[in-house]
>>> print(open('protein-v4.tsv').read())   # TSV, C-alpha atoms
chain	number	residue	atom	x	y	z
A	1	MET	CA	-18.96	-67.80	-14.76
A	2	LYS	CA	-20.48	-71.29	-14.63
A	3	LEU	CA	-23.90	-72.42	-15.71
A	4	PRO	CA	-25.86	-74.37	-13.10
A	5	ARG	CA	-25.59	-78.04	-14.01
A	6	SER	CA	-28.62	-79.25	-15.93
A	7	LEU	CA	-30.68	-82.08	-14.41
A	8	ASN	CA	-30.35	-83.99	-17.69
A	9	PHE	CA	-26.65	-83.31	-18.10
A	10	GLN	CA	-24.78	-86.28	-19.49
A	11	ASP	CA	-22.68	-87.73	-16.65
A	12	ASN	CA	-19.98	-88.77	-19.09
A	13	ALA	CA	-19.59	-85.14	-20.13
A	14	VAL	CA	-18.70	-84.26	-16.55
A	15	LEU	CA	-16.38	-87.21	-15.93
A	16	LYS	CA	-14.55	-87.57	-19.24
A	17	LYS	CA	-11.75	-85.24	-20.30
A	18	TYR	CA	-12.38	-84.51	-23.95
A	19	HIS	CA	-9.66	-83.62	-26.46
A	20	LEU	CA	-10.57	-80.20	-27.85
A	21	MET	CA	-9.33	-78.69	-31.11
A	22	GLU	CA	-10.07	-74.99	-31.57
A	23	LEU	CA	-10.12	-73.80	-35.17
A	24	TYR	CA	-10.29	-70.01	-35.70
A	25	SER	CA	-9.89	-69.79	-31.93
A	26	GLY	CA	-9.76	-65.98	-31.76
A	27	ILE	CA	-9.49	-64.55	-28.24
A	28	GLY	CA	-10.88	-67.71	-26.65
A	29	GLY	CA	-14.62	-67.05	-26.50
A	30	MET	CA	-15.55	-70.60	-27.44
A	31	ARG	CA	-13.08	-72.05	-24.93
A	32	TYR	CA	-14.56	-69.91	-22.16
A	33	ALA	CA	-18.03	-71.10	-23.22
A	34	ILE	CA	-17.05	-74.77	-22.95
A	35	GLU	CA	-15.62	-74.09	-19.49
A	36	ALA	CA	-18.83	-72.32	-18.45
A	37	ALA	CA	-20.90	-75.24	-19.73
A	38	GLY	CA	-19.07	-77.53	-17.30
A	39	ILE	CA	-17.34	-79.73	-19.87
A	40	HIS	CA	-14.01	-81.25	-18.85
A	41	PHE	CA	-11.53	-80.87	-21.69
A	42	GLU	CA	-7.91	-80.57	-22.70
A	43	VAL	CA	-6.91	-78.30	-25.59
A	44	VAL	CA	-4.78	-80.38	-27.94
A	45	ALA	CA	-4.48	-77.67	-30.61
A	46	ALA	CA	-5.65	-74.10	-31.18
A	47	PHE	CA	-5.32	-72.41	-34.55
A	48	ASP	CA	-5.67	-68.79	-35.60
A	49	ILE	CA	-3.69	-66.83	-38.15
A	50	ASN	CA	-4.23	-63.40	-36.53
A	51	PRO	CA	-1.21	-62.46	-34.35
A	52	PHE	CA	-3.14	-59.95	-32.20
A	53	VAL	CA	-5.89	-62.37	-31.16
A	54	ASN	CA	-3.25	-65.04	-30.58
A	55	LYS	CA	-1.45	-62.68	-28.21
A	56	ILE	CA	-4.69	-62.02	-26.28
A	57	TYR	CA	-5.50	-65.75	-26.15
A	58	CYS	CA	-2.04	-66.67	-24.88
A	59	HIS	CA	-2.13	-63.83	-22.33
A	60	ASN	CA	-5.31	-65.27	-20.80
A	61	PHE	CA	-4.70	-69.01	-21.11
A	62	GLY	CA	-0.92	-69.37	-21.18
A	63	PHE	CA	-1.40	-71.73	-24.11
A	64	HIS	CA	0.44	-71.02	-27.34
A	65	HIS	CA	-1.53	-71.13	-30.57
A	66	LEU	CA	-0.28	-72.76	-33.68
A	67	SER	CA	-0.18	-69.51	-35.68
A	68	ARG	CA	-0.47	-71.34	-38.93
A	69	ASN	CA	-2.64	-71.42	-42.01
A	70	ILE	CA	-5.36	-74.04	-41.55
A	71	LEU	CA	-4.93	-74.95	-45.23
A	72	SER	CA	-1.69	-76.68	-44.22
A	73	LEU	CA	-3.46	-78.94	-41.70
A	74	THR	CA	-3.79	-82.60	-42.66
A	75	ALA	CA	-6.21	-85.36	-41.72
A	76	ALA	CA	-3.27	-87.42	-40.45
A	77	GLU	CA	-2.32	-84.69	-37.97
A	78	VAL	CA	-5.88	-84.44	-36.66
A	79	GLU	CA	-6.12	-88.22	-36.42
A	80	CYS	CA	-2.99	-88.32	-34.23
A	81	LEU	CA	-4.51	-85.80	-31.80
A	82	LYS	CA	-7.53	-88.07	-31.14
A	83	VAL	CA	-9.87	-85.09	-31.24
A	84	ASP	CA	-13.27	-85.41	-29.52
A	85	ILE	CA	-14.56	-81.85	-29.97
A	86	ILE	CA	-13.93	-79.33	-32.74
A	87	THR	CA	-15.01	-75.71	-32.32
A	88	LEU	CA	-15.08	-73.38	-35.31
A	89	SER	CA	-15.67	-69.66	-35.83
A	90	PRO	CA	-14.56	-69.28	-39.46
A	91	PRO	CA	-14.20	-65.86	-41.17
A	92	CYS	CA	-17.58	-64.14	-41.43
A	93	GLN	CA	-16.82	-61.63	-44.21
A	94	PRO	CA	-17.96	-63.92	-47.07
A	95	PHE	CA	-21.50	-63.87	-45.59
A	96	THR	CA	-21.85	-60.15	-44.78
A	97	ARG	CA	-22.94	-57.12	-46.77
A	98	VAL	CA	-19.58	-55.45	-46.12
A	99	GLY	CA	-17.85	-58.56	-47.48
A	100	LEU	CA	-20.08	-58.44	-50.60
A	101	LYS	CA	-21.64	-61.82	-49.67
A	102	ARG	CA	-19.40	-63.67	-52.14
A	103	ASP	CA	-19.90	-66.84	-50.12
A	104	ILE	CA	-18.09	-69.86	-51.52
A	105	GLU	CA	-16.38	-67.71	-54.18
A	106	ASP	CA	-14.60	-65.71	-51.48
A	107	GLU	CA	-11.13	-67.14	-50.91
A	108	ARG	CA	-11.60	-66.64	-47.16
A	109	THR	CA	-13.87	-69.71	-47.19
A	110	ASN	CA	-11.06	-71.90	-48.54
A	111	SER	CA	-9.69	-72.89	-45.15
A	112	PHE	CA	-13.14	-73.86	-43.86
A	113	LEU	CA	-13.86	-75.96	-46.96
A	114	HIS	CA	-10.48	-77.61	-46.34
A	115	VAL	CA	-11.58	-78.44	-42.77
A	116	LEU	CA	-14.74	-80.07	-44.13
A	117	ASN	CA	-12.59	-82.22	-46.41
A	118	ILE	CA	-10.45	-83.24	-43.43
A	119	ILE	CA	-13.53	-84.23	-41.40
A	120	SER	CA	-14.71	-86.35	-44.33
A	121	GLU	CA	-11.35	-88.14	-44.49
A	122	LEU	CA	-11.03	-88.92	-40.76
A	123	GLN	CA	-11.36	-92.58	-39.79
A	124	LYS	CA	-12.18	-91.61	-36.19
A	125	LYS	CA	-14.39	-88.57	-36.44
A	126	PRO	CA	-14.87	-86.10	-33.57
A	127	LEU	CA	-17.82	-86.82	-31.30
A	128	TYR	CA	-18.97	-83.20	-31.26
A	129	LEU	CA	-18.79	-80.13	-33.50
A	130	ILE	CA	-19.77	-76.56	-32.61
A	131	LEU	CA	-19.73	-73.72	-35.14
A	132	GLU	CA	-20.60	-70.02	-34.77
A	133	ASN	CA	-20.92	-67.39	-37.48
A	134	VAL	CA	-22.90	-64.32	-38.54
A	135	GLN	CA	-26.51	-64.20	-39.68
A	136	GLY	CA	-26.37	-64.95	-43.40
A	137	PHE	CA	-24.31	-68.12	-43.02
A	138	GLU	CA	-27.55	-70.11	-42.70
A	139	SER	CA	-28.51	-69.33	-46.32
A	140	SER	CA	-25.05	-69.77	-47.84
A	141	GLN	CA	-23.59	-72.41	-50.13
A	142	THR	CA	-20.86	-72.85	-47.53
A	143	ARG	CA	-23.49	-73.88	-45.00
A	144	ASN	CA	-24.85	-76.38	-47.51
A	145	LYS	CA	-21.38	-77.91	-47.83
A	146	LEU	CA	-21.22	-78.17	-44.03
A	147	ILE	CA	-24.59	-79.93	-43.82
A	148	GLU	CA	-23.58	-82.32	-46.59
A	149	THR	CA	-20.38	-83.18	-44.69
A	150	LEU	CA	-22.25	-83.74	-41.42
A	151	GLU	CA	-24.89	-85.97	-42.99
A	152	LYS	CA	-22.33	-88.08	-44.86
A	153	GLY	CA	-20.22	-88.32	-41.69
A	154	GLY	CA	-23.11	-89.74	-39.64
A	155	TYR	CA	-23.88	-86.69	-37.50
A	156	ARG	CA	-27.17	-85.41	-36.16
A	157	TYR	CA	-27.35	-81.62	-35.86
A	158	GLN	CA	-29.42	-78.56	-35.05
A	159	GLU	CA	-29.09	-74.97	-36.31
A	160	PHE	CA	-29.95	-71.77	-34.45
A	161	LEU	CA	-30.06	-68.00	-34.87
A	162	LEU	CA	-29.77	-66.56	-31.36
A	163	SER	CA	-29.19	-63.16	-29.77
A	164	PRO	CA	-27.97	-62.33	-26.24
A	165	LYS	CA	-31.01	-60.11	-25.65
A	166	ASP	CA	-33.14	-63.26	-25.56
A	167	PHE	CA	-30.96	-64.61	-22.73
A	168	GLY	CA	-31.37	-61.64	-20.38
A	169	ILE	CA	-28.30	-59.75	-21.66
A	170	PRO	CA	-28.71	-56.10	-22.76
A	171	ASN	CA	-27.17	-56.55	-26.21
A	172	SER	CA	-28.34	-57.41	-29.72
A	173	ARG	CA	-25.92	-59.74	-31.48
A	174	LEU	CA	-27.78	-62.21	-33.69
A	175	ARG	CA	-25.51	-65.11	-34.56
A	176	TYR	CA	-25.74	-68.47	-36.29
A	177	TYR	CA	-24.88	-71.59	-34.27
A	178	ILE	CA	-24.87	-75.23	-35.27
A	179	ILE	CA	-24.25	-78.11	-32.86
A	180	ALA	CA	-23.61	-81.63	-34.13
A	181	LYS	CA	-22.92	-85.00	-32.53
A	182	GLN	CA	-22.45	-88.52	-33.81
A	183	GLN	CA	-25.65	-90.45	-34.49
A	184	GLN	CA	-25.24	-92.80	-31.52
A	185	LEU	CA	-25.35	-89.82	-29.13
A	186	PRO	CA	-28.95	-88.64	-28.66
A	187	PHE	CA	-30.07	-85.04	-28.19
A	188	SER	CA	-32.36	-84.13	-25.30
A	189	PHE	CA	-34.85	-82.65	-27.79
A	190	ASP	CA	-36.28	-83.46	-31.20
A	191	CYS	CA	-34.09	-82.04	-33.96
A	192	VAL	CA	-35.85	-80.24	-36.82
A	193	GLN	CA	-34.57	-79.50	-40.30
A	194	GLU	CA	-34.88	-75.75	-39.90
A	195	VAL	CA	-33.07	-72.94	-38.14
A	196	LEU	CA	-34.48	-72.29	-34.66
A	197	PHE	CA	-34.78	-68.73	-33.37
A	198	LYS	CA	-35.01	-69.84	-29.76
A	199	MET	CA	-33.77	-72.71	-27.64
A	200	PRO	CA	-35.88	-75.86	-27.97
A	201	LYS	CA	-36.23	-76.13	-24.20
A	202	GLU	CA	-36.12	-73.76	-21.27
A	203	THR	CA	-32.64	-72.42	-20.71
A	204	TYR	CA	-30.85	-70.15	-18.29
A	205	SER	CA	-31.16	-66.38	-18.14
A	206	TRP	CA	-28.10	-64.27	-17.51
A	207	THR	CA	-30.01	-62.72	-14.61
A	208	ALA	CA	-29.61	-66.03	-12.75
A	209	VAL	CA	-25.81	-65.87	-13.16
A	210	CYS	CA	-25.11	-62.13	-12.88
A	211	GLU	CA	-23.76	-61.29	-9.43
A	212	LYS	CA	-25.49	-57.90	-9.42
A	213	CYS	CA	-28.84	-59.32	-10.53
A	214	CYS	CA	-28.69	-61.93	-7.77
A	215	HIS	CA	-28.91	-59.12	-5.23
A	216	GLN	CA	-31.99	-57.54	-6.78
A	217	GLN	CA	-35.61	-58.50	-7.24
A	218	TYR	CA	-36.63	-58.74	-10.89
A	219	SER	CA	-40.19	-58.87	-12.10
A	220	ALA	CA	-41.38	-60.50	-15.32
A	221	SER	CA	-41.62	-57.04	-16.87
A	222	ILE	CA	-37.83	-56.57	-16.57
A	223	PRO	CA	-36.41	-59.66	-18.31
A	224	ARG	CA	-32.88	-58.34	-18.84
A	225	CYS	CA	-29.95	-57.02	-16.86
A	226	SER	CA	-29.29	-53.31	-17.17
A	227	VAL	CA	-26.25	-52.00	-19.04
A	228	GLY	CA	-24.90	-50.61	-15.78
A	229	HIS	CA	-24.15	-54.10	-14.49
A	230	PHE	CA	-21.41	-54.43	-17.11
A	231	LEU	CA	-19.67	-51.07	-16.69
A	232	GLU	CA	-16.24	-50.59	-15.18
A	233	GLU	CA	-16.03	-48.92	-11.80
A	234	ASN	CA	-13.12	-46.54	-12.15
A	235	PRO	CA	-12.38	-42.86	-11.37
A	236	GLU	CA	-13.84	-40.35	-13.83
A	237	GLU	CA	-10.44	-39.49	-15.30
A	238	TYR	CA	-10.01	-43.12	-16.41
A	239	PHE	CA	-12.82	-42.65	-18.94
A	240	SER	CA	-11.58	-39.32	-20.35
A	241	SER	CA	-9.86	-41.00	-23.31
A	242	PHE	CA	-13.17	-42.65	-24.23
A	243	LEU	CA	-15.14	-39.40	-24.40
A	244	ILE	CA	-16.44	-38.62	-27.88
A	245	SER	CA	-14.53	-35.72	-29.42
A	246	ASP	CA	-16.13	-32.41	-30.31
A	247	ASP	CA	-15.72	-33.08	-34.04
A	248	GLU	CA	-17.36	-36.49	-33.76
A	249	LEU	CA	-20.23	-35.05	-31.71
A	250	LEU	CA	-21.05	-32.45	-34.34
A	251	LYS	CA	-20.64	-34.83	-37.29
A	252	HIS	CA	-22.33	-37.95	-35.98
A	253	TRP	CA	-24.73	-37.12	-33.15
A	254	THR	CA	-27.72	-37.98	-35.35
A	255	VAL	CA	-26.53	-41.55	-36.00
A	256	PHE	CA	-25.18	-42.57	-32.59
A	257	ASP	CA	-27.16	-45.24	-30.76
A	258	MET	CA	-27.21	-43.72	-27.27
A	259	VAL	CA	-27.86	-45.76	-24.14
A	260	ASN	CA	-27.30	-45.21	-20.44
A	261	LYS	CA	-26.60	-47.49	-17.52
A	262	SER	CA	-30.29	-48.12	-16.81
A	263	GLY	CA	-30.92	-49.26	-20.40
A	264	THR	CA	-31.70	-52.89	-21.20
A	265	ASN	CA	-30.35	-53.08	-24.74
A	266	SER	CA	-27.35	-52.04	-26.82
A	267	CYS	CA	-26.40	-52.47	-30.47
A	268	CYS	CA	-24.06	-55.16	-31.74
A	269	PHE	CA	-20.43	-54.13	-31.21
A	270	THR	CA	-18.46	-54.75	-34.41
A	271	LYS	CA	-14.77	-54.69	-35.22
A	272	ALA	CA	-15.26	-51.17	-36.65
A	273	TYR	CA	-16.41	-49.77	-33.29
A	274	ARG	CA	-15.02	-46.27	-32.71
A	275	HIS	CA	-13.77	-46.23	-36.31
A	276	TYR	CA	-17.25	-45.68	-37.80
A	277	ALA	CA	-20.11	-44.03	-35.94
A	278	GLN	CA	-23.16	-45.74	-37.42
A	279	GLY	CA	-24.10	-49.37	-36.92
A	280	THR	CA	-20.95	-50.43	-35.06
A	281	GLY	CA	-22.20	-50.35	-31.46
A	282	SER	CA	-23.82	-48.13	-28.86
A	283	VAL	CA	-22.36	-45.16	-26.97
A	284	LEU	CA	-23.03	-44.26	-23.36
A	285	PHE	CA	-24.58	-41.07	-21.97
A	286	SER	CA	-24.46	-40.09	-18.31
A	287	VAL	CA	-27.55	-37.90	-17.87
A	288	LYS	CA	-31.04	-39.06	-16.99
A	289	ASP	CA	-33.25	-40.53	-19.73
A	290	SER	CA	-35.75	-37.71	-19.22
A	291	GLU	CA	-33.10	-35.10	-20.05
A	292	VAL	CA	-31.90	-36.63	-23.33
A	293	SER	CA	-34.90	-35.87	-25.54
A	294	ASP	CA	-35.00	-32.32	-24.19
A	295	ILE	CA	-31.29	-31.76	-24.93
A	296	LEU	CA	-31.55	-33.28	-28.41
A	297	SER	CA	-34.60	-31.19	-29.30
A	298	HIS	CA	-32.64	-28.05	-28.37
A	299	VAL	CA	-29.70	-29.30	-30.45
A	300	THR	CA	-32.01	-29.73	-33.45
A	301	ALA	CA	-33.35	-26.22	-33.01
A	302	ALA	CA	-29.91	-24.60	-32.60
A	303	ASN	CA	-28.51	-22.89	-35.69
A	304	VAL	CA	-24.97	-22.24	-34.53
A	305	SER	CA	-22.43	-25.07	-34.23
A	306	GLU	CA	-21.05	-23.67	-30.97
A	307	ASN	CA	-24.52	-23.82	-29.44
A	308	LYS	CA	-25.09	-27.36	-30.70
A	309	LEU	CA	-21.75	-28.49	-29.30
A	310	ALA	CA	-22.40	-26.96	-25.88
A	311	LEU	CA	-25.71	-28.80	-25.69
A	312	LEU	CA	-24.27	-32.10	-26.93
A	313	LYS	CA	-21.47	-31.99	-24.38
A	314	LYS	CA	-24.12	-32.02	-21.65
A	315	LEU	CA	-24.82	-35.64	-22.61
A	316	GLN	CA	-21.25	-36.62	-21.60
A	317	LEU	CA	-21.19	-39.18	-24.39
A	318	ARG	CA	-18.43	-41.74	-24.35
A	319	TYR	CA	-17.53	-45.02	-25.96
A	320	PHE	CA	-17.77	-48.28	-24.06
A	321	THR	CA	-14.32	-49.44	-23.02
A	322	PRO	CA	-12.98	-52.73	-24.43
A	323	LYS	CA	-13.34	-54.29	-20.98
A	324	GLU	CA	-16.99	-53.19	-20.79
A	325	ILE	CA	-17.70	-54.74	-24.19
A	326	ALA	CA	-15.99	-57.94	-23.03
A	327	ASN	CA	-18.25	-57.84	-19.95
A	328	ILE	CA	-21.38	-57.42	-22.11
A	329	MET	CA	-20.17	-60.37	-24.19
A	330	CYS	CA	-19.99	-62.31	-20.88
A	331	PHE	CA	-16.25	-62.94	-20.83
A	332	PRO	CA	-15.17	-63.81	-17.26
A	333	LYS	CA	-13.99	-61.08	-14.91
A	334	GLU	CA	-10.39	-62.26	-15.11
A	335	PHE	CA	-10.28	-61.83	-18.91
A	336	ASP	CA	-7.74	-59.15	-19.76
A	337	PHE	CA	-5.67	-57.66	-22.58
A	338	PRO	CA	-1.88	-57.50	-22.87
A	339	GLU	CA	-0.67	-53.92	-22.44
A	340	ASP	CA	0.95	-53.83	-25.89
A	341	VAL	CA	-2.35	-54.59	-27.69
A	342	THR	CA	-3.80	-51.23	-28.73
A	343	ILE	CA	-7.34	-50.05	-28.01
A	344	ARG	CA	-8.15	-50.31	-31.72
A	345	GLN	CA	-6.88	-53.91	-31.83
A	346	ARG	CA	-8.93	-54.77	-28.73
A	347	TYR	CA	-12.13	-53.47	-30.31
A	348	LYS	CA	-11.41	-55.41	-33.52
A	349	ALA	CA	-10.73	-58.63	-31.60
A	350	LEU	CA	-13.96	-58.31	-29.60
A	351	GLY	CA	-15.96	-57.46	-32.73
A	352	ASN	CA	-14.92	-60.80	-34.21
A	353	SER	CA	-15.74	-62.79	-31.07
A	354	LEU	CA	-18.94	-64.24	-29.61
A	355	ASN	CA	-21.17	-64.00	-26.55
A	356	VAL	CA	-19.76	-66.52	-24.10
A	357	PHE	CA	-23.01	-67.06	-22.17
A	358	VAL	CA	-25.12	-67.76	-25.28
A	359	ALA	CA	-22.49	-70.14	-26.63
A	360	ALA	CA	-22.29	-71.88	-23.24
A	361	CYS	CA	-26.06	-72.47	-23.22
A	362	VAL	CA	-25.87	-73.92	-26.73
A	363	ILE	CA	-22.90	-76.13	-25.82
A	364	GLN	CA	-24.62	-77.43	-22.71
A	365	LEU	CA	-27.61	-78.31	-24.89
A	366	LEU	CA	-25.24	-80.27	-27.15
A	367	PHE	CA	-24.02	-82.42	-24.25
A	368	GLU	CA	-27.40	-83.00	-22.61
A	369	THR	CA	-29.18	-86.28	-23.28
>>> encode(input="protein-v4.tsv", output="structure tokens")
Amino acid sequence: MKLPRSLNFQDNAVLKKYHLMELYSGIGGMRYAIEAAGIHFEVVAAFDINPFVNKIYCHNFGFHHLSRNILSLTAAEVECLKVDIITLSPPCQPFTRVGLKRDIEDERTNSFLHVLNIISELQKKPLYLILENVQGFESSQTRNKLIETLEKGGYRYQEFLLSPKDFGIPNSRLRYYIIAKQQQLPFSFDCVQEVLFKMPKETYSWTAVCEKCCHQQYSASIPRCSVGHFLEENPEEYFSSFLISDDELLKHWTVFDMVNKSGTNSCCFTKAYRHYAQGTGSVLFSVKDSEVSDILSHVTAANVSENKLALLKKLQLRYFTPKEIANIMCFPKEFDFPEDVTIRQRYKALGNSLNVFVAACVIQLLFET
């Protein structure tokens, strides 16, 4: 997946091969986004402490992470690598309700605060910085430390809260992004000292990139791709292990977010997908929209569990496969998982990743002049 080159795209960004350092590199979402944005780069270092995401990253890129605690990284090491771009997706738990929102008091912020100290110490600072995190980071003390570091280091920057659904993708995943560049490098828009909830200039829609959308006519009243464009095309038996069990149907049918292939939205897929039923991502039904409300009304009226179950099974509810979630998050078609990474580990890895297309649009904005 490649974005069409912007008319105002900085020529130097196309010609120069930038040295990229990936911190908290995960399964490579940010790297895929930089590729999609059309930036020429060479990865000089990639750090993540999680062995499962490192295995997935190496499987797809053939590049071995430094599976090492970022707290052991020094400014001298970074200086030697002559880094031009740093990407960061630091741990999000300190800024979430589940993580108790302990912010700067949470020890999981220690490595990121260490990175900020390193950036402050560098004689030759990176030209560009890109950071992604969850909603909530924008109001944290950790964010304030980041802004302080950027301003003292001579960077200009812009913050965003963006969701894939606003880019033509049928998924809600509101995330914080900040892009920063050295003062001598102008932005193509006027920066403002507030978080933007949309791009400051017209950007691309996924419908212009999606191969299936390109073969269809879309009106203004249908601004997003349908969920069906992201589903795997496999024999029915392939999906049998993703069918929701009878026990889960009876226990959780009232809290599932149900969508079908014609739908144009889905809930945010988290690392707890398939482990918890509520608020961790949507499930897929195979019957027509018009039949769902009728089936569910009969389920509500049924008094016997056996009757409820028989009705619920008509919905043919199943979980999205890891590959389908990766598709919805706009990972390229060739993205894959090693066979020895379990389904549970795949869901967790994806839940901690980002939407590649949204990140690519933001990154391209960073390099435009």
>>> closest_residue(input="protein-v4.tsv", among="A:Cys268, A:Ile363, A:Leu174, A:Val134", to="Arg97 in chain A", atoms="all atoms listed in the file")
A:Val134
>>> atom_distance(input="protein-v4.tsv", atom1="CA of Glu248 in chain A", atom2="CA of Ala277 in chain A")
8.3 Å
>>> residues_around(input="protein-v4.tsv", residues="Thr203 in chain A", least_positions_apart="4", cutoff="12 Å", atoms="all atoms listed in the file", output="PyMOL selection string")
chain A and resi 3-7+166-168+198-199+207-208+357-365+368
>>> residues_around(input="protein-v4.tsv", residues="range 229-243 of chain A", least_positions_apart="5", cutoff="6 Å", atoms="only C-alpha atoms", output="list of chain:residue names")
A:Arg318, A:Tyr319, A:Glu324, A:Asn327, A:Ile328
>>> closest_atom_pairs(input="protein-v4.tsv", of="range 106-201 of chain A", to="range 55-74 of chain A", cutoff="9 Å", atoms="all atoms listed in the file", output="tab-separated table")
residue	atom	partner	partner_atom	distance
A:Asn110	CA	A:Leu71	CA	7.6
A:Ser111	CA	A:Leu71	CA	5.2
A:Phe112	CA	A:Ile70	CA	8.1
A:His114	CA	A:Leu71	CA	6.3
A:Val115	CA	A:Ile70	CA	7.7
A:Ile118	CA	A:Thr74	CA	6.7
>>> closest_residue(input="protein-v4.tsv", among="A:Glu291, A:Asp257, A:Glu339, A:Glu121", to="Gln278 in chain A", atoms="only C-alpha atoms")
A:Asp257
>>> closest_residue(input="protein-v4.tsv", among="A:Ile104, A:Ile147, A:Ile169, A:Met21", to="Pro91 in chain A", atoms="all atoms listed in the file")
A:Ile104
>>> residues_around(input="protein-v4.tsv", residues="Gly153 in chain A", least_positions_apart="4", cutoff="12 Å", atoms="only C-alpha atoms", output="PDB file with C-alpha atoms, in the frame of the given file")
ATOM      1  CA  LEU A 116     -14.740 -80.070 -44.130  1.00  0.00           C
ATOM      2  CA  ASN A 117     -12.590 -82.220 -46.410  1.00  0.00           C
ATOM      3  CA  ILE A 118     -10.450 -83.240 -43.430  1.00  0.00           C
ATOM      4  CA  ILE A 119     -13.530 -84.230 -41.400  1.00  0.00           C
ATOM      5  CA  SER A 120     -14.710 -86.350 -44.330  1.00  0.00           C
ATOM      6  CA  GLU A 121     -11.350 -88.140 -44.490  1.00  0.00           C
ATOM      7  CA  LEU A 122     -11.030 -88.920 -40.760  1.00  0.00           C
ATOM      8  CA  GLN A 123     -11.360 -92.580 -39.790  1.00  0.00           C
ATOM      9  CA  LYS A 124     -12.180 -91.610 -36.190  1.00  0.00           C
ATOM     10  CA  LYS A 125     -14.390 -88.570 -36.440  1.00  0.00           C
ATOM     11  CA  PRO A 126     -14.870 -86.100 -33.570  1.00  0.00           C
ATOM     12  CA  LEU A 127     -17.820 -86.820 -31.300  1.00  0.00           C
ATOM     13  CA  TYR A 128     -18.970 -83.200 -31.260  1.00  0.00           C
ATOM     14  CA  LEU A 129     -18.790 -80.130 -33.500  1.00  0.00           C
ATOM     15  CA  LEU A 146     -21.220 -78.170 -44.030  1.00  0.00           C
ATOM     16  CA  ILE A 147     -24.590 -79.930 -43.820  1.00  0.00           C
ATOM     17  CA  GLU A 148     -23.580 -82.320 -46.590  1.00  0.00           C
ATOM     18  CA  THR A 149     -20.380 -83.180 -44.690  1.00  0.00           C
ATOM     19  CA  TYR A 157     -27.350 -81.620 -35.860  1.00  0.00           C
ATOM     20  CA  ALA A 180     -23.610 -81.630 -34.130  1.00  0.00           C
ATOM     21  CA  LYS A 181     -22.920 -85.000 -32.530  1.00  0.00           C
ATOM     22  CA  GLN A 182     -22.450 -88.520 -33.810  1.00  0.00           C
ATOM     23  CA  GLN A 183     -25.650 -90.450 -34.490  1.00  0.00           C
TER      24      GLN A 183
END
>>> atom_distance(input="protein-v4.tsv", atom1="CA of Lys82 in chain A", atom2="CA of Phe47 in chain A")
16.2 Å
>>> closest_residue(input="protein-v4.tsv", among="A:Pro186, A:Gly29, A:Gly136, A:Pro322", to="Thr369 in chain A", atoms="only C-alpha atoms")
A:Pro186
>>> atom_distance(input="protein-v4.tsv", atom1="CA of Phe269 in chain A", atom2="CA of Lys308 in chain A")
27.2 Å
>>> closest_residue(input="protein-v4.tsv", among="A:Ser172, A:Ser188, A:Asn54, A:Ser139", to="Thr264 in chain A", atoms="all atoms listed in the file")
A:Ser172
>>> closest_residue(input="protein-v4.tsv", among="A:Gly38, A:Pro170, A:Gly28, A:Gly154", to="Leu88 in chain A", atoms="only C-alpha atoms")
A:Gly28
>>> residues_near_point(input="protein-v4.tsv", point="(-13.8, -78.0, -30.5)", cutoff="12 Å", atoms="all atoms listed in the file", output="PyMOL selection string")
chain A and resi 18-25+28-35+39+41-47+78+82-89+126-132+179-181+363
